[in-house]
Amino acid sequence: MTREEEVIQLISDIVGIAKDEIDIHSSADSIESWDSIKQIEIISALEEGYEIEIPMDQMPRMSSVQTILEILDSSCSEAER
Amino acid sequence: MKIRHFIRETLLLKPRVFWGNLALLTLTGFAESMSVVSLAPILDFYTAESDANTGVSRLLRSQLESFGIQPSIELYFLIFIGFIVMKSGLLFLSQVSILHFKYDVLGVVVKRATNQVFHSQWSFFTNLQQGLLMNAFSREIGAVGDLIGSVLRIFANSFRFMFYIGLAMYISWDLTLIAIGLAAVLLLPAKLIFKKSYRLGGLSTATAGNFQEFLMQCVSNAKFIISHSLQNSAMDKLNEKYKEHRKYTISSQTMDQGHILLNEPLVWAILISIIYISIEVIGYKITETAIVLYTLKTSLPLATGILVSWTGVKRSVPSYETIKKIEGDAGAMPLSVGSVNKTSFVNKISVESLKYCYSGSSEEVLKNISFDIFKGQYLAIVGPSGSGKSTLIDLVMNIQTPPQGSIKIDGMDIRDLDLGSYHKLIGYVSQENFLFNSSVRENMQWAKSDSTDTEIWDALKMANLKDEMQNADGLNTKVGTGGFKISGGQRQRLSLARAILRDPPILVLDEATSSLDSKSEFEIKDSIGKLIGNKTIISISHRLSSSIDADQILFLKEGRIVELGSFAELVESRGEFFDLARLQGLV
Ligand SMILES: Nc1ncnc2c1ncn2[C@@H]1O[C@H](COP(=O)(O)OP(=O)(O)OP(=O)(O)O)[C@@H](O)[C@H]1O
Ligand SMILES: [Mg+2]
């Protein structure tokens with residue numbers, strides 16, 4: 001599974017909608033049940049799954065698949081260093 | 001960073017105060033538990049038959065009798081009240097003492113960082129990512145304060161917690177263990193909620209910060225926004241940030257309040273189960289049950305408090321690391337620290353084979369620069385934008401260190417001089433002038449703190465600013481944030497007056513007239529004209545016209561001295577300077 005697929009799978013599990021209804025352009029604005037509490041759950045799950053710590057100032061941005069992937073990329077490359 | 005390291009680097013800065021505080025906390029914990037213990041004889045007096053007293057009551061009575069004092073209910077009340085007063089007093093004292101300690105330590109941390117920052121070379125400021133320093137100073141310092149506070153609170157609460165639990169164990173260990181077990185099982189779900197609510201709280205703060213920062217940026221760009229009628233798009237963007245902040249804040253506070261309210265029935269369920277088990281199952285007396293319950297009811301919030309502080313500590317440690325990093329980066333490029341005092345300028349400044357490149361780039365901004373300037377001379381440095389003029393001046397001011405070459409004043413390398421004494425010899429007007437948001441007088445006194453009004457007026461007169469200031473509010477004229485309440489030309493002349501006020505033998509002026517209209521330019525030039533001969537002047541300009549009167553013109557291009565000589569000589573040599581001078585209509 002690519003990272004994008006992993007992230008979409010995770011969001012689908014937490015937000016509770018089918019995987020194929022989510023794509024890279026989905027965000028909290030387009031998905032009704034993706035509220036702030038779900039977002040916290042997504043962030044926690046990502047932190048545990050990838051063993052990273054996401055900086056607090058990045059968290060508000062993590063409300064779309066696109067930005068989640070961006071932030072994951074930078075956090076993961078930082079963790080490797 | 002480990003919390004242990006943080007404690008060593010901050011709290012143990014003042015070890016005596018730190019251990020003193022811990023001792024005070026121990027005493028407080030002791031008084032607190034004694035106040036609970038001394039409740040036992042009172043409860044026993046009213047509930048138990050005289051032969052069925054708790055161990056605590058018996059102990060107290062035998063103690064009193066051994067001193068020949070007859071125990072009575074009035075005495076029990078007195079002892080209880082005494083311990084309560086003592087506990088409250090000590091609790092108050094230790095809280096005040098912790099507060100003092102927190103701000104003392106924070107003061108040291110801030111002082112250490114700012115001191116390091118302001119003793120670093122100028123490139124430290126220009127290298128720093130935009131806004132990082134401002135943000136660190138405005139936000140991270142607060143966070144570090146909270147961090148220190150949280151660590152101290154953890155200490156304080158842990159002490160009190162241990163005393164309470166110890167007391168409960170002493171009175172009836174089986175009941176206490178059952179109670180702790182029950183509390184753990186029933187409150188476990190709370191921990192999960194707690195983590196989420198903590199995150200949401202953080203997001204609420206972060207989005208508030210984003211909103212504020214963007215608002216600040218809009219305010220700074222107000223002129224751009226108004227003059228381009230961009231109010232609507234500014235408002236839209238602001239509104240977006242606000243909506244985001246609102247979303248997190250409402251969820252976070254809903255969760256916090258809901259948590260508190262939903263917790264209440266749980267806590268009662270635990271209490272009632274404990275009472276039932278204690279009296280019906282184990283067969284304890286009311287007194288013991290009441291005391292154990294009381295200690296547990298008090299220590300439960302302490303335990304949650306410790307948990308809250310602990311998460312706070314883990315979240316705020318990066319703030320401390322940010323401050324440490326800034327301190328370290330600044331410390332890595334310190335200003336030079338010579339010790340020789342230089343109190344006069346007698347002969348010449350010589351620049352020898354100077355090279356410079358900014359860190360992070362391999363391009364040489366200055367290439368092999370050598371020249372002399374003698375006392376009383378007027379040296380004009382001219383050259384196109386980006387040719388390295390300001391960089392050269394930064395090196396002469398010794399606020400950057402050249403990797404190669406040297407600058408000597410009267411034969412002494414400036415790096416060996418005490419920087420303060422060297423800077424007293426030079427009045428410096430930089431390319432961008434930023435004034436302090438206060439009166440003209442205060443701005444002038446930054447240059448010379450003990451200057452009298454007469455001296456200030458004299459300097460203003462030299463800088464051709466006297467008349468305008470007399471027509472305004474005199475020395476009390478406010479210059480506004482950054483000096484934006486006075487005109488650009490006035491700002492420039494105020495900076496010049498500030499340099500003149502110190503009455504230094506040398507004046508260094510970077511683009512004193514570049515952004516000015518011709519009248520202001522004339523005023524400045526006229527005032528520089530008055531100083532020629534009395535002072536050694538190094539003046540930068542990319543307008544050649546200002547170099548006509550100079551004894552020496554240094555023509556800089558792409559970091560190299562292309563030509564060096566008087567105006568007549570450079571015109572004579574028919575080089576690049578001559579071509580430019582002709583273009584500008586000077587010859
Ligand atoms: N902090 C910095 N970091 C990296 N490069 C820098 C820095 N400051 C200046 N430079 C570069 O050094 C060169 C010389 O800059 P400098 O400010 O000395 O030019 P200048 O002659 O004073 O120009 P101007 O007339 O525009 O003021 C330029 O190419 C500039 O891009
Ligand atoms: Mg410059």
# chains A, B, ... in the order shown; residues from 1 in each chain; ligands from 1
$ select_by_dssp --residues "chain A" --states "alpha helix (DSSP H)" --output "JSON, numbers by chain"
{"A": [3, 4, 5, 6, 7, 8, 9, 10, 11, 12, 13, 14, 15, 36, 37, 38, 39, 40, 41, 42, 43, 44, 45, 46, 47, 48, 49, 50, 65, 66, 67, 68, 69, 70, 71, 72, 73, 74, 75, 76, 77, 78, 79, 80]}
$ write_last_selection --atoms "C-alpha atoms" --output "PDB file, in the first residue's frame"
ATOM      1  CA  ARG A   3       1.306   6.066   1.946  1.00  0.00           C
ATOM      2  CA  GLU A   4      -1.640   7.803   0.297  1.00  0.00           C
ATOM      3  CA  GLU A   5      -3.663   4.579   0.428  1.00  0.00           C
ATOM      4  CA  GLU A   6      -2.665   4.005   4.039  1.00  0.00           C
ATOM      5  CA  VAL A   7      -3.798   7.478   4.994  1.00  0.00           C
ATOM      6  CA  ILE A   8      -7.086   7.122   3.132  1.00  0.00           C
ATOM      7  CA  GLN A   9      -7.699   3.752   4.792  1.00  0.00           C
ATOM      8  CA  LEU A  10      -7.052   5.286   8.193  1.00  0.00           C
ATOM      9  CA  ILE A  11      -9.339   8.239   7.560  1.00  0.00           C
ATOM     10  CA  SER A  12     -12.055   5.954   6.265  1.00  0.00           C
ATOM     11  CA  ASP A  13     -11.833   3.840   9.451  1.00  0.00           C
ATOM     12  CA  ILE A  14     -11.993   6.827  11.769  1.00  0.00           C
ATOM     13  CA  VAL A  15     -14.467   9.026   9.940  1.00  0.00           C
ATOM     14  CA  SER A  36     -12.489  18.491  14.935  1.00  0.00           C
ATOM     15  CA  ILE A  37     -12.662  15.502  17.283  1.00  0.00           C
ATOM     16  CA  LYS A  38     -12.261  13.059  14.407  1.00  0.00           C
ATOM     17  CA  GLN A  39      -9.333  15.142  13.321  1.00  0.00           C
ATOM     18  CA  ILE A  40      -7.643  14.706  16.674  1.00  0.00           C
ATOM     19  CA  GLU A  41      -8.179  10.958  16.379  1.00  0.00           C
ATOM     20  CA  ILE A  42      -6.657  10.970  12.916  1.00  0.00           C
ATOM     21  CA  ILE A  43      -3.635  12.896  14.161  1.00  0.00           C
ATOM     22  CA  SER A  44      -3.136  10.557  17.128  1.00  0.00           C
ATOM     23  CA  ALA A  45      -3.454   7.502  14.905  1.00  0.00           C
ATOM     24  CA  LEU A  46      -0.908   8.918  12.458  1.00  0.00           C
ATOM     25  CA  GLU A  47       1.512   9.718  15.282  1.00  0.00           C
ATOM     26  CA  GLU A  48       1.258   6.190  16.612  1.00  0.00           C
ATOM     27  CA  GLY A  49       1.287   4.509  13.214  1.00  0.00           C
ATOM     28  CA  TYR A  50       4.329   6.335  11.896  1.00  0.00           C
ATOM     29  CA  VAL A  65      -5.770  14.422   2.666  1.00  0.00           C
ATOM     30  CA  GLN A  66      -3.404  16.539   0.627  1.00  0.00           C
ATOM     31  CA  THR A  67      -1.969  18.533   3.540  1.00  0.00           C
ATOM     32  CA  ILE A  68      -1.844  15.455   5.779  1.00  0.00           C
ATOM     33  CA  LEU A  69       0.395  13.804   3.200  1.00  0.00           C
ATOM     34  CA  GLU A  70       2.599  16.887   2.949  1.00  0.00           C
ATOM     35  CA  ILE A  71       3.034  17.160   6.688  1.00  0.00           C
ATOM     36  CA  LEU A  72       3.625  13.417   7.011  1.00  0.00           C
ATOM     37  CA  ASP A  73       6.360  13.630   4.406  1.00  0.00           C
ATOM     38  CA  SER A  74       8.192  16.394   6.211  1.00  0.00           C
ATOM     39  CA  SER A  75       7.683  14.853   9.672  1.00  0.00           C
ATOM     40  CA  CYS A  76       8.848  11.436   8.535  1.00  0.00           C
ATOM     41  CA  SER A  77      11.956  12.732   6.821  1.00  0.00           C
ATOM     42  CA  GLU A  78      12.751  14.695   9.975  1.00  0.00           C
ATOM     43  CA  ALA A  79      12.293  11.593  12.119  1.00  0.00           C
ATOM     44  CA  GLU A  80      14.737   9.705   9.934  1.00  0.00           C
TER      45      GLU A  80
END
$ residues_near_ligand --ligand "ligand 2" --cutoff "10 Å" --atoms "only C-alpha atoms and all ligand atoms" --output "ChimeraX atom specification"
/B:383-394,430-432,510-511,540-542
$ write_last_selection --atoms "N, CA and C atoms" --output "PDB file, in the first residue's frame"
ATOM      1  N   GLY B 383      29.181  52.961  -5.365  1.00  0.00           N
ATOM      2  CA  GLY B 383      29.096  51.714  -6.111  1.00  0.00           C
ATOM      3  C   GLY B 383      27.655  51.280  -6.240  1.00  0.00           C
ATOM      4  N   PRO B 384      27.370  50.418  -7.218  1.00  0.00           N
ATOM      5  CA  PRO B 384      25.987  50.009  -7.453  1.00  0.00           C
ATOM      6  C   PRO B 384      25.417  49.194  -6.295  1.00  0.00           C
ATOM      7  N   SER B 385      24.109  49.063  -6.314  1.00  0.00           N
ATOM      8  CA  SER B 385      23.438  48.288  -5.279  1.00  0.00           C
ATOM      9  C   SER B 385      23.952  46.848  -5.271  1.00  0.00           C
ATOM     10  N   GLY B 386      24.223  46.314  -4.097  1.00  0.00           N
ATOM     11  CA  GLY B 386      24.693  44.939  -3.987  1.00  0.00           C
ATOM     12  C   GLY B 386      26.191  44.795  -4.163  1.00  0.00           C
ATOM     13  N   SER B 387      26.907  45.929  -4.275  1.00  0.00           N
ATOM     14  CA  SER B 387      28.344  45.812  -4.516  1.00  0.00           C
ATOM     15  C   SER B 387      29.126  45.505  -3.235  1.00  0.00           C
ATOM     16  N   GLY B 388      28.463  45.578  -2.069  1.00  0.00           N
ATOM     17  CA  GLY B 388      29.130  45.189  -0.827  1.00  0.00           C
ATOM     18  C   GLY B 388      29.459  46.357   0.089  1.00  0.00           C
ATOM     19  N   LYS B 389      28.871  47.531  -0.174  1.00  0.00           N
ATOM     20  CA  LYS B 389      29.195  48.712   0.618  1.00  0.00           C
ATOM     21  C   LYS B 389      28.809  48.540   2.085  1.00  0.00           C
ATOM     22  N   SER B 390      27.539  48.131   2.304  1.00  0.00           N
ATOM     23  CA  SER B 390      27.091  47.977   3.695  1.00  0.00           C
ATOM     24  C   SER B 390      27.866  46.876   4.399  1.00  0.00           C
ATOM     25  N   THR B 391      28.182  45.808   3.652  1.00  0.00           N
ATOM     26  CA  THR B 391      28.949  44.712   4.248  1.00  0.00           C
ATOM     27  C   THR B 391      30.309  45.218   4.724  1.00  0.00           C
ATOM     28  N   LEU B 392      30.954  46.038   3.883  1.00  0.00           N
ATOM     29  CA  LEU B 392      32.252  46.595   4.250  1.00  0.00           C
ATOM     30  C   LEU B 392      32.151  47.396   5.542  1.00  0.00           C
ATOM     31  N   ILE B 393      31.084  48.200   5.625  1.00  0.00           N
ATOM     32  CA  ILE B 393      30.896  49.018   6.819  1.00  0.00           C
ATOM     33  C   ILE B 393      30.646  48.153   8.055  1.00  0.00           C
ATOM     34  N   ASP B 394      29.861  47.073   7.883  1.00  0.00           N
ATOM     35  CA  ASP B 394      29.634  46.168   9.020  1.00  0.00           C
ATOM     36  C   ASP B 394      30.956  45.624   9.550  1.00  0.00           C
ATOM     37  N   SER B 430      22.925  53.867  10.211  1.00  0.00           N
ATOM     38  CA  SER B 430      22.797  52.719   9.314  1.00  0.00           C
ATOM     39  C   SER B 430      21.819  53.000   8.184  1.00  0.00           C
ATOM     40  N   GLN B 431      21.789  52.064   7.238  1.00  0.00           N
ATOM     41  CA  GLN B 431      20.971  52.269   6.043  1.00  0.00           C
ATOM     42  C   GLN B 431      19.487  52.292   6.394  1.00  0.00           C
ATOM     43  N   GLU B 432      19.060  51.340   7.232  1.00  0.00           N
ATOM     44  CA  GLU B 432      17.671  51.373   7.692  1.00  0.00           C
ATOM     45  C   GLU B 432      17.684  51.872   9.122  1.00  0.00           C
ATOM     46  N   ASP B 510      25.769  55.308   6.308  1.00  0.00           N
ATOM     47  CA  ASP B 510      25.409  54.399   5.228  1.00  0.00           C
ATOM     48  C   ASP B 510      24.166  54.928   4.515  1.00  0.00           C
ATOM     49  N   GLU B 511      24.341  55.395   3.296  1.00  0.00           N
ATOM     50  CA  GLU B 511      23.216  55.866   2.478  1.00  0.00           C
ATOM     51  C   GLU B 511      22.366  56.883   3.223  1.00  0.00           C
ATOM     52  N   ILE B 540      28.640  56.429   2.649  1.00  0.00           N
ATOM     53  CA  ILE B 540      28.273  55.556   1.533  1.00  0.00           C
ATOM     54  C   ILE B 540      27.156  56.180   0.734  1.00  0.00           C
ATOM     55  N   SER B 541      27.246  56.037  -0.578  1.00  0.00           N
ATOM     56  CA  SER B 541      26.138  56.539  -1.375  1.00  0.00           C
ATOM     57  C   SER B 541      26.197  55.873  -2.727  1.00  0.00           C
ATOM     58  N   HIS B 542      25.038  55.662  -3.358  1.00  0.00           N
ATOM     59  CA  HIS B 542      25.192  55.259  -4.741  1.00  0.00           C
ATOM     60  C   HIS B 542      24.961  56.418  -5.701  1.00  0.00           C
TER      61      HIS B 542
END
$ interface_residues --of "chain B" --to "chain A" --cutoff "8 Å" --atoms "only C-alpha atoms" --output "PyMOL selection string"
chain B and resi 196+199-200+202-203+206-207+244+247-248+251
$ write_last_selection --atoms "N, CA, C and O atoms" --output "PDB file, in the first residue's frame"
ATOM      1  N   LYS B 196      -7.444  13.694  24.406  1.00  0.00           N
ATOM      2  CA  LYS B 196      -8.077  14.406  23.294  1.00  0.00           C
ATOM      3  C   LYS B 196      -8.321  15.859  23.646  1.00  0.00           C
ATOM      4  O   LYS B 196      -8.071  16.758  22.863  1.00  0.00           O
ATOM      5  N   ARG B 199      -5.225  17.867  23.389  1.00  0.00           N
ATOM      6  CA  ARG B 199      -4.895  18.170  21.998  1.00  0.00           C
ATOM      7  C   ARG B 199      -5.739  19.326  21.468  1.00  0.00           C
ATOM      8  O   ARG B 199      -5.244  20.261  20.859  1.00  0.00           O
ATOM      9  N   LEU B 200      -7.058  19.204  21.734  1.00  0.00           N
ATOM     10  CA  LEU B 200      -7.958  20.245  21.233  1.00  0.00           C
ATOM     11  C   LEU B 200      -7.584  21.595  21.829  1.00  0.00           C
ATOM     12  O   LEU B 200      -7.609  22.613  21.138  1.00  0.00           O
ATOM     13  N   GLY B 202      -4.659  22.542  22.739  1.00  0.00           N
ATOM     14  CA  GLY B 202      -3.464  22.997  22.035  1.00  0.00           C
ATOM     15  C   GLY B 202      -3.811  23.579  20.683  1.00  0.00           C
ATOM     16  O   GLY B 202      -3.292  24.626  20.284  1.00  0.00           O
ATOM     17  N   LEU B 203      -4.727  22.900  19.981  1.00  0.00           N
ATOM     18  CA  LEU B 203      -5.112  23.394  18.659  1.00  0.00           C
ATOM     19  C   LEU B 203      -5.820  24.735  18.765  1.00  0.00           C
ATOM     20  O   LEU B 203      -5.646  25.607  17.917  1.00  0.00           O
ATOM     21  N   ALA B 206      -3.113  27.184  19.165  1.00  0.00           N
ATOM     22  CA  ALA B 206      -2.335  27.351  17.935  1.00  0.00           C
ATOM     23  C   ALA B 206      -3.105  28.167  16.909  1.00  0.00           C
ATOM     24  O   ALA B 206      -2.560  29.080  16.279  1.00  0.00           O
ATOM     25  N   THR B 207      -4.412  27.859  16.758  1.00  0.00           N
ATOM     26  CA  THR B 207      -5.178  28.599  15.752  1.00  0.00           C
ATOM     27  C   THR B 207      -5.385  30.045  16.186  1.00  0.00           C
ATOM     28  O   THR B 207      -5.428  30.942  15.355  1.00  0.00           O
ATOM     29  N   GLU B 244     -11.631  28.790  11.845  1.00  0.00           N
ATOM     30  CA  GLU B 244     -10.846  27.631  12.250  1.00  0.00           C
ATOM     31  C   GLU B 244     -10.629  27.648  13.772  1.00  0.00           C
ATOM     32  O   GLU B 244     -10.836  26.648  14.452  1.00  0.00           O
ATOM     33  N   LYS B 247     -13.806  26.789  15.672  1.00  0.00           N
ATOM     34  CA  LYS B 247     -14.145  25.375  15.619  1.00  0.00           C
ATOM     35  C   LYS B 247     -13.438  24.608  16.758  1.00  0.00           C
ATOM     36  O   LYS B 247     -14.069  23.897  17.539  1.00  0.00           O
ATOM     37  N   TYR B 248     -12.125  24.809  16.856  1.00  0.00           N
ATOM     38  CA  TYR B 248     -11.376  24.048  17.852  1.00  0.00           C
ATOM     39  C   TYR B 248     -11.689  24.501  19.267  1.00  0.00           C
ATOM     40  O   TYR B 248     -11.728  23.705  20.196  1.00  0.00           O
ATOM     41  N   SER B 251     -15.075  23.022  20.432  1.00  0.00           N
ATOM     42  CA  SER B 251     -14.981  21.589  20.772  1.00  0.00           C
ATOM     43  C   SER B 251     -14.181  21.398  22.034  1.00  0.00           C
ATOM     44  O   SER B 251     -14.545  20.597  22.899  1.00  0.00           O
TER      45      SER B 251
END
$ residues_around --residues "stretch 518-531 of chain B" --least-positions-apart "6" --cutoff "6 Å" --atoms "only C-alpha atoms" --output "ChimeraX atom specification"
/B:462-463,489
$ residues_around --residues "B:Arg582" --least-positions-apart "4" --cutoff "12 Å" --atoms "only C-alpha atoms" --output "PyMOL selection string"
chain B and resi 544-545+570-571+574-578+586-587
$ write_last_selection --atoms "N, CA, C and O atoms" --output "PDB file, in the first residue's frame"
ATOM      1  N   LEU B 544      26.727  59.532  -7.146  1.00  0.00           N
ATOM      2  CA  LEU B 544      28.096  60.037  -7.207  1.00  0.00           C
ATOM      3  C   LEU B 544      28.189  61.492  -6.769  1.00  0.00           C
ATOM      4  O   LEU B 544      29.214  61.940  -6.277  1.00  0.00           O
ATOM      5  N   SER B 545      27.080  62.237  -6.934  1.00  0.00           N
ATOM      6  CA  SER B 545      27.131  63.671  -6.648  1.00  0.00           C
ATOM      7  C   SER B 545      27.598  63.937  -5.228  1.00  0.00           C
ATOM      8  O   SER B 545      28.244  64.953  -4.957  1.00  0.00           O
ATOM      9  N   LEU B 570      39.825  60.566 -10.338  1.00  0.00           N
ATOM     10  CA  LEU B 570      39.022  59.532 -10.983  1.00  0.00           C
ATOM     11  C   LEU B 570      38.470  60.002 -12.318  1.00  0.00           C
ATOM     12  O   LEU B 570      38.345  59.238 -13.268  1.00  0.00           O
ATOM     13  N   VAL B 571      38.134  61.316 -12.360  1.00  0.00           N
ATOM     14  CA  VAL B 571      37.658  61.854 -13.637  1.00  0.00           C
ATOM     15  C   VAL B 571      38.799  61.830 -14.648  1.00  0.00           C
ATOM     16  O   VAL B 571      38.631  61.428 -15.799  1.00  0.00           O
ATOM     17  N   ARG B 574      39.583  58.630 -16.541  1.00  0.00           N
ATOM     18  CA  ARG B 574      38.657  58.250 -17.606  1.00  0.00           C
ATOM     19  C   ARG B 574      38.213  56.775 -17.515  1.00  0.00           C
ATOM     20  O   ARG B 574      38.108  56.090 -18.518  1.00  0.00           O
ATOM     21  N   GLY B 575      38.001  56.294 -16.306  1.00  0.00           N
ATOM     22  CA  GLY B 575      37.593  54.889 -16.124  1.00  0.00           C
ATOM     23  C   GLY B 575      36.088  54.769 -15.994  1.00  0.00           C
ATOM     24  O   GLY B 575      35.328  55.622 -16.478  1.00  0.00           O
ATOM     25  N   GLU B 576      35.675  53.719 -15.288  1.00  0.00           N
ATOM     26  CA  GLU B 576      34.239  53.459 -15.128  1.00  0.00           C
ATOM     27  C   GLU B 576      33.552  54.570 -14.353  1.00  0.00           C
ATOM     28  O   GLU B 576      32.412  54.923 -14.627  1.00  0.00           O
ATOM     29  N   PHE B 577      34.274  55.103 -13.337  1.00  0.00           N
ATOM     30  CA  PHE B 577      33.711  56.184 -12.534  1.00  0.00           C
ATOM     31  C   PHE B 577      33.392  57.381 -13.417  1.00  0.00           C
ATOM     32  O   PHE B 577      32.327  57.990 -13.306  1.00  0.00           O
ATOM     33  N   PHE B 578      34.322  57.674 -14.298  1.00  0.00           N
ATOM     34  CA  PHE B 578      34.135  58.807 -15.202  1.00  0.00           C
ATOM     35  C   PHE B 578      32.878  58.605 -16.062  1.00  0.00           C
ATOM     36  O   PHE B 578      32.051  59.516 -16.202  1.00  0.00           O
ATOM     37  N   LEU B 586      27.625  64.931 -14.038  1.00  0.00           N
ATOM     38  CA  LEU B 586      28.510  65.622 -13.098  1.00  0.00           C
ATOM     39  C   LEU B 586      29.746  66.190 -13.783  1.00  0.00           C
ATOM     40  O   LEU B 586      30.406  67.071 -13.241  1.00  0.00           O
ATOM     41  N   VAL B 587      30.072  65.637 -14.938  1.00  0.00           N
ATOM     42  CA  VAL B 587      31.222  66.197 -15.669  1.00  0.00           C
ATOM     43  C   VAL B 587      30.826  66.518 -17.098  1.00  0.00           C
ATOM     44  O   VAL B 587      29.814  66.029 -17.596  1.00  0.00           O
TER      45      VAL B 587
END
$ residues_around --residues "B:Glu364" --least-positions-apart "5" --cutoff "10 Å" --atoms "only C-alpha atoms" --output "PDB file with N, CA and C atoms, in the first residue's frame"
ATOM      1  N   LYS B 355      38.438  40.013   3.116  1.00  0.00           N
ATOM      2  CA  LYS B 355      37.535  39.163   2.335  1.00  0.00           C
ATOM      3  C   LYS B 355      36.320  38.870   3.182  1.00  0.00           C
ATOM      4  N   TYR B 356      35.194  38.654   2.514  1.00  0.00           N
ATOM      5  CA  TYR B 356      34.019  38.261   3.287  1.00  0.00           C
ATOM      6  C   TYR B 356      33.050  37.461   2.442  1.00  0.00           C
ATOM      7  N   CYS B 357      32.532  36.371   2.984  1.00  0.00           N
ATOM      8  CA  CYS B 357      31.344  35.765   2.375  1.00  0.00           C
ATOM      9  C   CYS B 357      30.348  35.444   3.469  1.00  0.00           C
ATOM     10  N   TYR B 358      29.071  35.626   3.151  1.00  0.00           N
ATOM     11  CA  TYR B 358      28.027  35.339   4.133  1.00  0.00           C
ATOM     12  C   TYR B 358      27.919  33.841   4.335  1.00  0.00           C
ATOM     13  N   GLY B 388      28.463  45.578  -2.069  1.00  0.00           N
ATOM     14  CA  GLY B 388      29.130  45.189  -0.827  1.00  0.00           C
ATOM     15  C   GLY B 388      29.459  46.357   0.089  1.00  0.00           C
ATOM     16  N   GLU B 558      30.919  44.801  -7.462  1.00  0.00           N
ATOM     17  CA  GLU B 558      30.951  43.348  -7.265  1.00  0.00           C
ATOM     18  C   GLU B 558      32.017  42.925  -6.243  1.00  0.00           C
ATOM     19  N   GLY B 559      32.095  43.691  -5.168  1.00  0.00           N
ATOM     20  CA  GLY B 559      32.975  43.301  -4.072  1.00  0.00           C
ATOM     21  C   GLY B 559      34.439  43.640  -4.280  1.00  0.00           C
ATOM     22  N   ARG B 560      34.757  44.388  -5.336  1.00  0.00           N
ATOM     23  CA  ARG B 560      36.149  44.705  -5.621  1.00  0.00           C
ATOM     24  C   ARG B 560      36.316  46.219  -5.692  1.00  0.00           C
TER      25      ARG B 560
END
$ atom_distance --atom1 "atom CA of B:Lys408" --atom2 "atom CA of B:Ser421"
14.5 Å
$ atom_distance --atom1 "atom CA of B:Ile79" --atom2 "atom CA of B:Ser33"
13.1 Å
$ atom_distance --atom1 "atom CA of B:Ile409" --atom2 "atom CA of B:His423"
12.0 Å
$ residues_around --residues "stretch 80-90 of chain B" --least-positions-apart "5" --cutoff "8 Å" --atoms "only C-alpha atoms" --output "list in words"
Leu24, Leu27, Thr28, Ala31, Glu32, Met34, Ser35, Ser38 and Leu39 of chain B
$ write_last_selection --atoms "all heavy atoms" --output "short mmCIF file (atom, residue, chain, number, x, y, z; two decimals), in the first residue's frame"
data_model
loop_
_atom_site.label_atom_id
_atom_site.label_comp_id
_atom_site.auth_asym_id
_atom_site.auth_seq_id
_atom_site.Cartn_x
_atom_site.Cartn_y
_atom_site.Cartn_z
N LEU B 24 9.99 23.17 52.27
CA LEU B 24 8.74 23.84 52.63
C LEU B 24 7.55 22.97 52.23
O LEU B 24 6.56 22.85 52.97
CB LEU B 24 8.68 25.20 51.93
CG LEU B 24 7.57 26.15 52.36
CD1 LEU B 24 7.68 26.44 53.85
CD2 LEU B 24 7.64 27.45 51.58
N LEU B 27 7.08 20.13 54.67
CA LEU B 27 6.45 20.62 55.88
C LEU B 27 4.95 20.83 55.66
O LEU B 27 4.11 20.47 56.50
CB LEU B 27 7.11 21.95 56.27
CG LEU B 27 7.09 22.31 57.74
CD1 LEU B 27 7.83 21.25 58.53
CD2 LEU B 27 7.72 23.69 57.96
N THR B 28 4.61 21.39 54.51
CA THR B 28 3.21 21.63 54.18
C THR B 28 2.45 20.30 54.13
O THR B 28 1.35 20.18 54.67
CB THR B 28 3.09 22.33 52.81
OG1 THR B 28 3.99 23.42 52.78
CG2 THR B 28 1.69 22.82 52.58
N ALA B 31 1.86 19.06 57.65
CA ALA B 31 0.80 19.80 58.35
C ALA B 31 -0.56 19.43 57.78
O ALA B 31 -1.55 19.31 58.52
CB ALA B 31 1.04 21.30 58.20
N GLU B 32 -0.61 19.21 56.49
CA GLU B 32 -1.87 18.89 55.85
C GLU B 32 -2.40 17.55 56.37
O GLU B 32 -3.58 17.42 56.71
CB GLU B 32 -1.65 18.84 54.33
CG GLU B 32 -2.75 19.50 53.57
CD GLU B 32 -2.44 19.59 52.10
OE1 GLU B 32 -1.26 19.43 51.70
OE2 GLU B 32 -3.37 19.82 51.34
N MET B 34 -1.56 16.08 59.13
CA MET B 34 -1.87 16.18 60.56
C MET B 34 -3.24 16.81 60.78
O MET B 34 -3.95 16.46 61.71
CB MET B 34 -0.80 17.01 61.28
CG MET B 34 0.52 16.29 61.52
SD MET B 34 0.33 14.62 62.08
CE MET B 34 -0.19 14.91 63.77
N SER B 35 -3.59 17.75 59.94
CA SER B 35 -4.89 18.39 60.10
C SER B 35 -6.01 17.36 59.90
O SER B 35 -7.06 17.44 60.53
CB SER B 35 -5.04 19.57 59.15
OG SER B 35 -5.22 19.12 57.84
N SER B 38 -5.99 14.95 63.04
CA SER B 38 -6.53 15.51 64.28
C SER B 38 -8.06 15.61 64.24
O SER B 38 -8.69 16.02 65.21
CB SER B 38 -5.90 16.88 64.56
OG SER B 38 -6.15 17.74 63.50
N LEU B 39 -8.63 15.25 63.09
CA LEU B 39 -10.08 15.19 63.02
C LEU B 39 -10.59 13.92 63.70
O LEU B 39 -11.72 13.87 64.19
CB LEU B 39 -10.49 15.19 61.54
CG LEU B 39 -11.91 15.63 61.17
CD1 LEU B 39 -12.18 17.02 61.70
CD2 LEU B 39 -12.07 15.60 59.67
#
